[in-house]
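Novice: Input structure: query.csv, which contains CSV, C-alpha atoms.
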```csv
chain,number,residue,atom,x,y,z
A,20,MET,CA,145.2,117.5,25.9
A,21,ASN,CA,148.2,119.7,26.5
A,22,PHE,CA,146.1,122.8,26.3
A,23,VAL,CA,143.6,121.4,28.8
A,24,ARG,CA,146.5,120.5,31.1
A,25,ARG,CA,147.9,124.0,30.9
A,26,VAL,CA,144.5,125.5,31.7
A,27,LEU,CA,144.1,123.2,34.7
A,28,LYS,CA,147.5,124.1,36.0
A,29,ALA,CA,147.2,127.8,35.6
A,30,PRO,CA,145.9,128.6,39.1
A,31,TYR,CA,148.8,126.6,40.6
A,32,ARG,CA,151.2,128.5,38.4
A,33,LEU,CA,150.1,131.8,39.8
A,34,VAL,CA,150.4,130.5,43.4
A,35,ASN,CA,153.9,129.1,42.6
A,36,LEU,CA,155.0,132.4,41.1
A,37,TRP,CA,154.0,134.2,44.3
A,38,ARG,CA,155.8,131.6,46.4
A,39,ARG,CA,159.0,132.0,44.4
A,40,ALA,CA,158.8,135.7,44.7
A,41,MET,CA,158.8,135.2,48.4
A,42,GLU,CA,161.9,133.0,48.2
A,43,PRO,CA,163.9,134.5,45.4
A,44,ALA,CA,167.1,132.5,46.2
A,45,ALA,CA,165.4,129.1,46.1
A,46,PRO,CA,166.2,126.9,43.1
A,47,TRP,CA,163.4,126.2,40.6
A,48,LEU,CA,162.4,122.9,42.1
A,49,VAL,CA,159.2,122.2,43.9
A,50,LEU,CA,159.7,124.3,47.1
A,51,SER,CA,158.7,121.5,49.5
A,52,ALA,CA,161.4,119.4,47.9
A,53,VAL,CA,163.9,122.2,48.5
A,54,ARG,CA,162.9,122.3,52.2
A,55,ASP,CA,163.4,118.6,52.4
A,56,LEU,CA,166.9,118.9,50.8
A,57,ASP,CA,167.8,121.7,53.3
A,58,ALA,CA,167.3,119.2,56.1
A,59,ALA,CA,169.0,116.3,54.3
A,60,ILE,CA,172.2,117.8,53.0
A,61,GLY,CA,175.1,118.2,55.3
A,62,PRO,CA,178.1,120.7,55.0
A,63,ASP,CA,180.5,117.9,54.3
A,64,ALA,CA,178.5,116.6,51.3
A,65,ARG,CA,179.9,116.4,47.7
A,66,GLY,CA,177.4,117.4,45.0
A,67,PHE,CA,177.0,117.1,41.3
A,68,GLU,CA,174.3,118.8,39.1
A,69,TRP,CA,173.3,118.9,35.5
A,70,GLY,CA,171.9,122.3,34.8
A,71,SER,CA,173.5,125.4,36.4
A,72,GLY,CA,171.8,128.5,37.6
A,73,ARG,CA,170.0,129.5,40.8
A,74,SER,CA,170.4,126.0,42.2
A,75,THR,CA,174.2,126.2,41.8
A,76,ILE,CA,174.5,129.2,44.2
A,77,TYR,CA,171.9,127.8,46.5
A,78,PHE,CA,173.4,124.3,46.9
A,79,ALA,CA,177.0,125.6,46.9
A,80,LYS,CA,176.2,127.4,50.1
A,81,ARG,CA,175.1,124.1,51.7
A,82,LEU,CA,177.6,121.6,50.3
A,83,LYS,CA,181.3,121.1,50.7
A,84,THR,CA,181.9,121.0,47.0
A,85,LEU,CA,179.8,121.1,43.9
A,86,VAL,CA,180.4,120.1,40.2
A,87,SER,CA,177.9,121.9,38.0
A,88,LEU,CA,177.5,121.0,34.3
A,89,GLU,CA,176.2,123.5,31.8
A,90,HIS,CA,175.7,123.2,28.0
A,91,ASP,CA,175.1,126.9,27.1
A,92,ALA,CA,178.2,129.1,26.9
A,93,ALA,CA,176.5,132.4,27.6
A,94,TRP,CA,174.6,131.0,30.6
A,95,HIS,CA,177.9,129.4,31.9
A,96,THR,CA,179.5,132.9,31.8
A,97,ARG,CA,176.6,134.4,33.7
A,98,VAL,CA,176.6,131.8,36.4
A,99,GLN,CA,180.4,132.0,36.7
A,100,ALA,CA,180.1,135.8,37.4
A,101,ASP,CA,177.3,135.2,39.9
A,102,LEU,CA,179.4,132.6,41.8
A,103,LYS,CA,182.3,135.0,41.9
A,104,ALA,CA,180.1,137.8,43.2
A,105,GLU,CA,178.9,135.5,46.0
A,106,GLY,CA,182.4,134.3,46.8
A,107,LEU,CA,181.5,130.8,45.9
A,108,ASP,CA,183.7,130.2,42.8
A,109,GLY,CA,186.3,128.3,45.0
A,110,LYS,CA,183.6,125.7,46.0
A,111,VAL,CA,182.1,125.1,42.6
A,112,GLU,CA,183.7,123.4,39.5
A,113,LEU,CA,181.5,125.0,36.8
A,114,VAL,CA,182.0,122.8,33.6
A,115,LEU,CA,180.9,123.8,30.1
A,116,ARG,CA,180.0,120.9,27.9
A,117,PRO,CA,178.1,122.1,24.8
A,118,ARG,CA,176.3,119.9,22.3
A,119,ARG,CA,178.6,118.4,19.7
A,120,GLU,CA,177.6,116.4,16.7
A,121,GLY,CA,179.1,113.0,16.7
A,122,ALA,CA,179.8,113.1,20.5
A,123,PHE,CA,178.1,109.8,21.3
A,124,ASP,CA,180.3,106.8,21.1
A,125,PRO,CA,178.3,103.6,21.7
A,126,GLU,CA,181.6,101.8,22.6
A,127,THR,CA,182.1,104.0,25.7
A,128,ALA,CA,181.9,102.0,28.9
A,129,ARG,CA,178.7,103.1,30.6
A,130,PRO,CA,176.8,101.7,33.7
A,131,SER,CA,174.8,98.5,33.4
A,132,GLY,CA,171.5,100.4,33.3
A,133,TRP,CA,172.1,101.3,29.7
A,134,LEU,CA,172.2,97.7,28.7
A,135,ALA,CA,169.4,96.7,31.0
A,136,LEU,CA,167.1,99.2,29.2
A,137,GLY,CA,168.6,98.9,25.8
A,138,TYR,CA,168.7,102.6,26.0
A,139,VAL,CA,169.6,104.7,22.9
A,140,PRO,CA,169.9,108.4,23.8
A,141,ARG,CA,167.4,110.8,22.3
A,142,LYS,CA,170.0,113.6,22.4
A,143,PRO,CA,173.3,111.9,21.5
A,144,HIS,CA,174.9,115.2,20.7
A,145,PHE,CA,174.9,115.9,24.5
A,146,ALA,CA,177.2,112.9,25.2
A,147,ASP,CA,180.0,115.1,26.4
A,148,TYR,CA,177.5,116.6,28.9
A,149,PHE,CA,175.8,113.4,30.2
A,150,ASP,CA,179.1,111.4,30.3
A,151,SER,CA,181.0,113.9,32.4
A,152,VAL,CA,180.1,112.2,35.6
A,153,LEU,CA,181.8,109.0,34.4
A,154,ASN,CA,185.1,110.7,35.2
A,155,TYR,CA,184.4,110.2,38.9
A,156,PRO,CA,184.6,107.1,41.1
A,157,ASP,CA,181.5,105.1,42.0
A,158,ASP,CA,179.8,106.0,45.3
A,159,HIS,CA,181.5,109.5,45.1
A,160,PHE,CA,178.7,112.0,45.4
A,161,ASP,CA,176.3,112.5,48.3
A,162,PHE,CA,173.9,114.6,46.2
A,163,VAL,CA,173.2,114.6,42.5
A,164,LEU,CA,170.6,116.9,40.8
A,165,VAL,CA,169.3,116.1,37.3
A,166,ASP,CA,167.7,119.3,36.0
A,167,GLY,CA,169.3,119.9,32.6
A,168,ARG,CA,169.5,118.2,29.2
A,169,ALA,CA,169.3,114.5,28.3
A,170,ARG,CA,168.0,113.6,31.7
A,171,VAL,CA,167.5,109.9,31.2
A,172,ALA,CA,171.1,109.5,30.1
A,173,CYS,CA,172.2,111.6,33.0
A,174,ILE,CA,170.3,109.4,35.5
A,175,LEU,CA,171.7,106.2,34.0
A,176,ASN,CA,175.2,107.5,34.4
A,177,ALA,CA,174.5,108.9,37.9
A,178,ILE,CA,173.1,105.8,39.5
A,179,PRO,CA,176.5,104.2,40.4
A,180,LYS,CA,178.1,107.5,41.3
A,181,VAL,CA,175.7,108.3,44.2
A,182,ALA,CA,177.1,107.2,47.6
A,183,PRO,CA,175.2,104.7,49.7
A,184,GLY,CA,172.6,106.8,51.6
A,185,GLY,CA,173.1,109.6,49.1
A,186,LEU,CA,170.4,111.5,47.1
A,187,LEU,CA,169.4,111.5,43.5
A,188,VAL,CA,167.1,114.4,42.6
A,189,LEU,CA,165.0,114.5,39.4
A,190,ASP,CA,163.1,117.7,38.6
A,191,ASN,CA,160.0,117.6,36.5
A,192,SER,CA,159.8,113.9,37.3
A,193,ASP,CA,156.1,113.8,36.2
A,194,ARG,CA,157.2,113.9,32.6
A,195,ALA,CA,156.3,110.6,31.0
A,196,GLU,CA,159.6,110.2,29.2
A,197,TYR,CA,161.5,109.9,32.5
A,198,ALA,CA,159.5,107.0,33.8
A,199,VAL,CA,161.7,104.5,31.9
A,200,VAL,CA,164.4,104.8,34.5
A,201,PHE,CA,162.2,104.3,37.6
A,202,PRO,CA,162.4,100.5,37.6
A,203,LEU,CA,166.2,100.8,38.0
A,204,LEU,CA,165.6,102.8,41.1
A,205,ALA,CA,163.1,100.3,42.6
A,206,ALA,CA,165.4,99.6,45.6
A,207,TRP,CA,165.9,103.3,46.3
A,208,THR,CA,163.6,105.2,48.7
A,209,PRO,CA,161.5,107.7,46.7
A,210,ARG,CA,159.9,110.9,48.0
A,211,VAL,CA,157.6,112.7,45.6
A,212,PHE,CA,156.9,116.4,45.9
A,213,THR,CA,154.4,118.3,43.9
A,214,ASP,CA,153.1,121.9,43.7
A,215,GLY,CA,150.2,121.2,41.4
A,216,GLU,CA,152.2,122.4,38.4
A,217,SER,CA,155.3,120.2,38.5
A,218,GLU,CA,156.9,117.4,40.4
A,219,THR,CA,160.3,116.8,42.0
A,220,ARG,CA,161.4,113.3,43.1
A,221,ILE,CA,164.2,112.6,45.6
A,222,PHE,CA,165.6,109.1,45.6
A,223,THR,CA,167.7,107.9,48.5
A,224,LYS,CA,170.2,105.2,47.6
A,225,PRO,CA,170.2,102.1,49.9
A,226,ALA,CA,172.8,102.4,52.7
A,227,THR,CA,174.3,99.0,51.9
```
Rewrite the structure of this file - the entire thing - as structure tokens.
Specialist:
Amino acid sequence: MNFVRRVLKAPYRLVNLWRRAMEPAAPWLVLSAVRDLDAAIGPDARGFEWGSGRSTIYFAKRLKTLVSLEHDAAWHTRVQADLKAEGLDGKVELVLRPRREGAFDPETARPSGWLALGYVPRKPHFADYFDSVLNYPDDHFDFVLVDGRARVACILNAIPKVAPGGLLVLDNSDRAEYAVVFPLLAAWTPRVFTDGESETRIFTKPAT
């Protein structure tokens, strides 16, 4: 089935590669979602992302501040250099949180969604990474992008940290393993963007 799916998506992949070549600075999200975010994000917005890279530079130019979490040390160093070259290192807090065996503590206070789902993380060694957002107050971020490791755990932790009217963005949202969190976002307004190959969902938190 996976082979058949890859074959069916092959023409879309070629088109998407061409589109990305035409927009080399755009993050690796569905491009229609990127355009939507361009219109939705304001210069005073505070952002948080899991998974640094091209998106870090792109959104740092559009946000007031950005916290970016990365698990890979070599990639962290590369992104750090790219930010400095762009003069953006003062706007971005680039945080390295590598995998660590024994990192997950079930006694850590986490948002209610964990208990509601009875969720046990599939990648507990990334707890330092997905728990980093817990250091910030609730309703703190106007924009949160989930595009890295342990995405379900990241979303569960991010939900209370998004400000009313703020955006929670999940890339590759068509993957079946992420659907477990969608009931917790039932009151949020979703927008689904697809390019035939992948899917990006943008959830807007209720204003009140």
Novice: Measure the distance from atom CA of A:Tyr155 to atom CA of A:Arg54 in Å and round it to one decimal.
Specialist: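 One can read the atom CA of A:Tyr155 to atom CA of A:Arg54 distance as 28.0 Å.
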Novice: Neighbours of stretch 139-148 of chain A within 7 Å (only C-alpha atoms; same-chain residues fewer than 4 positions away dropped), as a PDB file with C-alpha atoms, in the coordinates of the input?
Specialist:
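Output below, filename around.pdb:
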```pdb
ATOM      1  CA  LEU A  88     177.500 121.000  34.300  1.00  0.00           C
ATOM      2  CA  HIS A  90     175.700 123.200  28.000  1.00  0.00           C
ATOM      3  CA  ARG A 116     180.000 120.900  27.900  1.00  0.00           C
ATOM      4  CA  PRO A 117     178.100 122.100  24.800  1.00  0.00           C
ATOM      5  CA  ARG A 118     176.300 119.900  22.300  1.00  0.00           C
ATOM      6  CA  ARG A 119     178.600 118.400  19.700  1.00  0.00           C
ATOM      7  CA  GLU A 120     177.600 116.400  16.700  1.00  0.00           C
ATOM      8  CA  GLY A 121     179.100 113.000  16.700  1.00  0.00           C
ATOM      9  CA  ALA A 122     179.800 113.100  20.500  1.00  0.00           C
ATOM     10  CA  PHE A 123     178.100 109.800  21.300  1.00  0.00           C
ATOM     11  CA  ALA A 169     169.300 114.500  28.300  1.00  0.00           C
ATOM     12  CA  ALA A 172     171.100 109.500  30.100  1.00  0.00           C
TER      13      ALA A 172
END
```
Novice: For atom CA of A:Pro46 and atom CA of A:Pro156, quote the distance in Å rounded to one decimal.
Specialist: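 Between atom CA of A:Pro46 and atom CA of A:Pro156 the gap is 27.1 Å.
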Novice: Residues at most 9 Å from A:Leu175, counting only C-alpha atoms, excluding those fewer than 2 positions away in the same chain, as number ranges by chain?
Specialist: A: 129-133, 170-173, 177-179, 200, 203
Novice: Once you count all atoms listed in the file, which residues end up no further than 7 Å from (166.8, 111.4, 40.3) in the file's frame, shown as a list of chain:residue names?
Specialist: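 Within 7 Å of (166.8, 111.4, 40.3), the protein and nucleic acid residues are A:Leu164, A:Val165, A:Ile174, A:Leu187, A:Val188, A:Leu189, A:Arg220, A:Ile221, A:Phe222.
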Novice: Dump as a list in words all residues having an atom at most 7 Å from (173.3, 123.9, 36.0), computed in the file's coordinates with all atoms listed in the file.
Specialist: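 Residues lying no farther than 7 Å from the given point: Glu68, Trp69, Gly70, Ser71, Gly72, Thr75, Ser87, Leu88, Glu89 and Gly167 of chain A.
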Novice: Between atom CA of A:Val199 and atom CA of A:Arg168, measure the distance and give it in Å to one decimal.
Specialist: 16.0 Å
Novice: Show me, as an NGL selection string, the residues that have an atom within 10 Å of A:Val181 when counting all atoms listed in the file, minus same-chain residues fewer than 3 positions from it.
Specialist: :A and (65-67 or 156-163 or 176-178 or 184-187 or 223-224)
Novice: From the list A:Thr84, A:Thr127, A:Ser151, A:Ser192, which residue is nearest A:Pro209 when using all atoms listed in the file?
Specialist: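 Using all atoms listed in the file, the shortest distance to A:Pro209 belongs to A:Ser192.
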